[in-house]
file final19.pdb (PDB, C-alpha atoms, pLDDT in the B column)
ATOM      1  CA  MET A   1      32.009 -41.281  15.370  1.00 51.00           C
ATOM      2  CA  LYS A   2      31.597 -38.696  12.646  1.00 51.00           C
ATOM      3  CA  GLU A   3      28.823 -36.135  13.091  1.00 51.00           C
ATOM      4  CA  GLN A   4      26.391 -36.033  10.189  1.00 52.00           C
ATOM      5  CA  ARG A   5      25.250 -32.672   8.976  1.00 51.00           C
ATOM      6  CA  SER A   6      21.999 -32.099   7.220  1.00 50.00           C
ATOM      7  CA  ASN A   7      21.779 -30.294   3.903  1.00 50.00           C
ATOM      8  CA  VAL A   8      19.832 -27.477   5.523  1.00 49.00           C
ATOM      9  CA  SER A   9      21.610 -24.197   5.130  1.00 49.00           C
ATOM     10  CA  GLU A  10      22.437 -22.325   8.290  1.00 51.00           C
ATOM     11  CA  ASP A  11      21.835 -19.074   6.460  1.00 49.00           C
ATOM     12  CA  HIS A  12      18.771 -17.465   8.003  1.00 51.00           C
ATOM     13  CA  THR A  13      18.019 -15.114   5.106  1.00 50.00           C
ATOM     14  CA  ALA A  14      15.630 -17.668   3.642  1.00 49.00           C
ATOM     15  CA  VAL A  15      13.342 -17.002   6.599  1.00 51.00           C
ATOM     16  CA  ALA A  16      13.280 -13.273   5.871  1.00 53.00           C
ATOM     17  CA  ASN A  17      11.718 -13.649   2.412  1.00 63.00           C
ATOM     18  CA  PRO A  18       8.356 -15.016   3.623  1.00 63.00           C
ATOM     19  CA  ILE A  19       8.283 -12.378   6.326  1.00 65.00           C
ATOM     20  CA  ARG A  20       8.929  -9.655   3.739  1.00 65.00           C
ATOM     21  CA  SER A  21       6.196 -11.131   1.550  1.00 64.00           C
ATOM     22  CA  LEU A  22       3.764 -11.037   4.457  1.00 60.00           C
ATOM     23  CA  ALA A  23       4.659  -7.423   5.149  1.00 65.00           C
ATOM     24  CA  ASN A  24       4.026  -6.553   1.496  1.00 65.00           C
ATOM     25  CA  ALA A  25       0.704  -8.402   1.583  1.00 64.00           C
ATOM     26  CA  GLU A  26      -0.295  -6.521   4.711  1.00 68.00           C
ATOM     27  CA  ASP A  27       0.522  -3.247   2.944  1.00 75.00           C
ATOM     28  CA  GLY A  28      -1.810  -4.273   0.122  1.00 77.00           C
ATOM     29  CA  VAL A  29      -4.608  -5.233   2.471  1.00 79.00           C
ATOM     30  CA  THR A  30      -4.201  -1.975   4.377  1.00 82.00           C
ATOM     31  CA  ALA A  31      -4.319   0.007   1.135  1.00 82.00           C
ATOM     32  CA  ALA A  32      -7.456  -1.857   0.032  1.00 84.00           C
ATOM     33  CA  PHE A  33      -9.238  -1.130   3.297  1.00 86.00           C
ATOM     34  CA  GLU A  34      -8.207   2.519   3.150  1.00 86.00           C
ATOM     35  CA  LEU A  35      -9.354   2.776  -0.463  1.00 87.00           C
ATOM     36  CA  VAL A  36     -12.820   1.441   0.383  1.00 89.00           C
ATOM     37  CA  LEU A  37     -13.584   2.275   3.993  1.00 92.00           C
ATOM     38  CA  THR A  38     -12.265   5.827   4.285  1.00 92.00           C
ATOM     39  CA  PRO A  39     -14.418   7.273   1.456  1.00 93.00           C
ATOM     40  CA  ALA A  40     -17.387   5.237   2.751  1.00 94.00           C
ATOM     41  CA  LEU A  41     -16.925   6.669   6.234  1.00 95.00           C
ATOM     42  CA  PHE A  42     -16.743  10.233   4.919  1.00 94.00           C
ATOM     43  CA  ALA A  43     -19.733   9.634   2.653  1.00 94.00           C
ATOM     44  CA  PHE A  44     -21.661   8.431   5.710  1.00 95.00           C
ATOM     45  CA  LEU A  45     -20.652  11.569   7.584  1.00 95.00           C
ATOM     46  CA  GLY A  46     -21.825  13.549   4.558  1.00 94.00           C
ATOM     47  CA  TYR A  47     -25.127  11.674   4.711  1.00 94.00           C
ATOM     48  CA  LEU A  48     -25.541  12.685   8.347  1.00 95.00           C
ATOM     49  CA  ILE A  49     -24.755  16.314   7.502  1.00 94.00           C
ATOM     50  CA  ASP A  50     -27.218  16.189   4.590  1.00 93.00           C
ATOM     51  CA  ARG A  51     -29.972  14.844   6.853  1.00 93.00           C
ATOM     52  CA  TRP A  52     -29.238  17.533   9.428  1.00 93.00           C
ATOM     53  CA  THR A  53     -29.176  20.393   6.889  1.00 93.00           C
ATOM     54  CA  GLY A  54     -31.778  19.009   4.464  1.00 90.00           C
ATOM     55  CA  LEU A  55     -29.629  19.761   1.390  1.00 85.00           C
ATOM     56  CA  GLY A  56     -30.050  16.406  -0.313  1.00 86.00           C
ATOM     57  CA  PRO A  57     -27.074  14.260  -1.277  1.00 91.00           C
ATOM     58  CA  LEU A  58     -24.665  17.193  -1.626  1.00 91.00           C
ATOM     59  CA  PHE A  59     -22.274  16.373   1.220  1.00 92.00           C
ATOM     60  CA  VAL A  60     -22.390  12.634   0.472  1.00 93.00           C
ATOM     61  CA  PHE A  61     -20.914  13.216  -2.964  1.00 94.00           C
ATOM     62  CA  VAL A  62     -18.569  16.039  -1.968  1.00 95.00           C
ATOM     63  CA  LEU A  63     -17.020  14.354   1.075  1.00 94.00           C
ATOM     64  CA  GLY A  64     -17.040  10.836  -0.357  1.00 93.00           C
ATOM     65  CA  GLY A  65     -15.736  11.981  -3.746  1.00 94.00           C
ATOM     66  CA  VAL A  66     -12.951  14.189  -2.438  1.00 95.00           C
ATOM     67  CA  VAL A  67     -11.714  11.507  -0.047  1.00 95.00           C
ATOM     68  CA  ALA A  68     -11.929   8.828  -2.766  1.00 94.00           C
ATOM     69  CA  ILE A  69      -9.843  10.986  -5.113  1.00 95.00           C
ATOM     70  CA  TYR A  70      -7.334  11.600  -2.314  1.00 94.00           C
ATOM     71  CA  GLU A  71      -7.071   7.877  -1.514  1.00 92.00           C
ATOM     72  CA  VAL A  72      -6.423   6.988  -5.172  1.00 93.00           C
ATOM     73  CA  TRP A  73      -3.784   9.716  -5.392  1.00 94.00           C
ATOM     74  CA  LYS A  74      -2.140   8.541  -2.154  1.00 92.00           C
ATOM     75  CA  LEU A  75      -2.079   4.936  -3.361  1.00 90.00           C
ATOM     76  CA  TRP A  76      -0.546   5.969  -6.700  1.00 91.00           C
ATOM     77  CA  TYR A  77       2.017   8.242  -5.042  1.00 93.00           C
ATOM     78  CA  THR A  78       3.190   5.691  -2.457  1.00 88.00           C
ATOM     79  CA  TYR A  79       3.414   2.995  -5.140  1.00 87.00           C
ATOM     80  CA  THR A  80       5.436   5.263  -7.442  1.00 91.00           C
ATOM     81  CA  GLU A  81       7.832   6.255  -4.660  1.00 89.00           C
ATOM     82  CA  ARG A  82       8.279   2.606  -3.586  1.00 86.00           C
ATOM     83  CA  MET A  83       9.068   1.590  -7.168  1.00 88.00           C
ATOM     84  CA  LYS A  84      11.639   4.403  -7.448  1.00 89.00           C
ATOM     85  CA  GLU A  85      13.330   3.108  -4.274  1.00 86.00           C
ATOM     86  CA  LEU A  86      13.390  -0.444  -5.596  1.00 83.00           C
ATOM     87  CA  GLU A  87      14.630   0.601  -9.041  1.00 85.00           C
ATOM     88  CA  ALA A  88      17.435   2.613  -7.444  1.00 83.00           C
ATOM     89  CA  GLY A  89      18.743  -0.616  -5.886  1.00 81.00           C
ATOM     90  CA  VAL A  90      18.759  -2.537  -9.166  1.00 81.00           C
ATOM     91  CA  PRO A  91      21.911  -2.280 -11.287  1.00 79.00           C
ATOM     92  CA  ASP A  92      21.464  -0.807 -14.728  1.00 76.00           C
ATOM     93  CA  ALA A  93      21.549  -3.405 -17.505  1.00 62.00           C
ATOM     94  CA  LYS A  94      23.617  -1.099 -19.713  1.00 63.00           C
ATOM     95  CA  GLY A  95      26.367  -0.717 -17.156  1.00 58.00           C
ATOM     96  CA  PRO A  96      27.428   2.356 -15.212  1.00 60.00           C
ATOM     97  CA  ARG A  97      26.128   5.632 -16.477  1.00 59.00           C
ATOM     98  CA  SER A  98      28.534   8.321 -17.585  1.00 55.00           C
ATOM     99  CA  GLU A  99      26.781  11.479 -16.494  1.00 55.00           C
TER
END

call {"tool": "encode", "arguments": {"input": "final19.pdb", "output": "structure tokens"}}
result
Amino acid sequence: MKEQRSNVSEDHTAVANPIRSLANAEDGVTAAFELVLTPALFAFLGYLIDRWTGLGPLFVFVLGGVVAIYEVWKLWYTYTERMKELEAGVPDAKGPRSE
């Protein structure tokens, strides 16, 4: 009796694509939480310092603002570096460069 084979490929790389997509989604969720929660946490610490010193909302804006600017810069920098890595793996449409 002849063994019937299904049309399912035995190549397991198809399984890796959803896993890679999940990893990329987790990176996005992590970045979103960092972008929102880290400045909020530092702004809250600034609020506590302001209450303790009686200076008004000075430390709220300084700590929250500096950390927010840092988080945006970090997100931009990691994205730019990741895109450079991905672009390095893509062949040039014009062919090999003669440098």

call {"tool": "residues_around", "arguments": {"input": "final19.pdb", "residues": "Phe61 in chain A", "least_positions_apart": "2", "cutoff": "12 Å", "atoms": "all atoms listed in the file", "output": "ChimeraX atom specification"}}
result
/A:39-47,49-50,55-59,63-69

call {"tool": "write_last_selection", "arguments": {"input": "final19.pdb", "atoms": "C-alpha atoms", "output": "mmCIF file, in the frame of the given file"}}
result
data_model
loop_
_atom_site.group_PDB
_atom_site.id
_atom_site.type_symbol
_atom_site.label_atom_id
_atom_site.label_comp_id
_atom_site.auth_asym_id
_atom_site.auth_seq_id
_atom_site.Cartn_x
_atom_site.Cartn_y
_atom_site.Cartn_z
ATOM 1 C CA PRO A 39 -14.418 7.273 1.456
ATOM 2 C CA ALA A 40 -17.387 5.237 2.751
ATOM 3 C CA LEU A 41 -16.925 6.669 6.234
ATOM 4 C CA PHE A 42 -16.743 10.233 4.919
ATOM 5 C CA ALA A 43 -19.733 9.634 2.653
ATOM 6 C CA PHE A 44 -21.661 8.431 5.710
ATOM 7 C CA LEU A 45 -20.652 11.569 7.584
ATOM 8 C CA GLY A 46 -21.825 13.549 4.558
ATOM 9 C CA TYR A 47 -25.127 11.674 4.711
ATOM 10 C CA ILE A 49 -24.755 16.314 7.502
ATOM 11 C CA ASP A 50 -27.218 16.189 4.590
ATOM 12 C CA LEU A 55 -29.629 19.761 1.390
ATOM 13 C CA GLY A 56 -30.050 16.406 -0.313
ATOM 14 C CA PRO A 57 -27.074 14.260 -1.277
ATOM 15 C CA LEU A 58 -24.665 17.193 -1.626
ATOM 16 C CA PHE A 59 -22.274 16.373 1.220
ATOM 17 C CA LEU A 63 -17.020 14.354 1.075
ATOM 18 C CA GLY A 64 -17.040 10.836 -0.357
ATOM 19 C CA GLY A 65 -15.736 11.981 -3.746
ATOM 20 C CA VAL A 66 -12.951 14.189 -2.438
ATOM 21 C CA VAL A 67 -11.714 11.507 -0.047
ATOM 22 C CA ALA A 68 -11.929 8.828 -2.766
ATOM 23 C CA ILE A 69 -9.843 10.986 -5.113
#

call {"tool": "atom_distance", "arguments": {"input": "final19.pdb", "atom1": "CA of Thr30 in chain A", "atom2": "CA of Val60 in chain A"}}
result
23.7 Å

call {"tool": "atom_distance", "arguments": {"input": "final19.pdb", "atom1": "CA of Ala31 in chain A", "atom2": "CA of Ala88 in chain A"}}
result
23.5 Å

call {"tool": "axis_aligned_box", "arguments": {"input": "final19.pdb", "around": "range 50-56 of chain A", "padding_each_side": "8 Å", "output": "AutoDock Vina command-line options"}}
result
--center_x -29.5 --center_y 17.6 --center_z 4.6 --size_x 20.6 --size_y 21.5 --size_z 25.7

call {"tool": "atom_distance", "arguments": {"input": "final19.pdb", "atom1": "CA of Tyr77 in chain A", "atom2": "CA of Pro91 in chain A"}}
result
23.4 Å
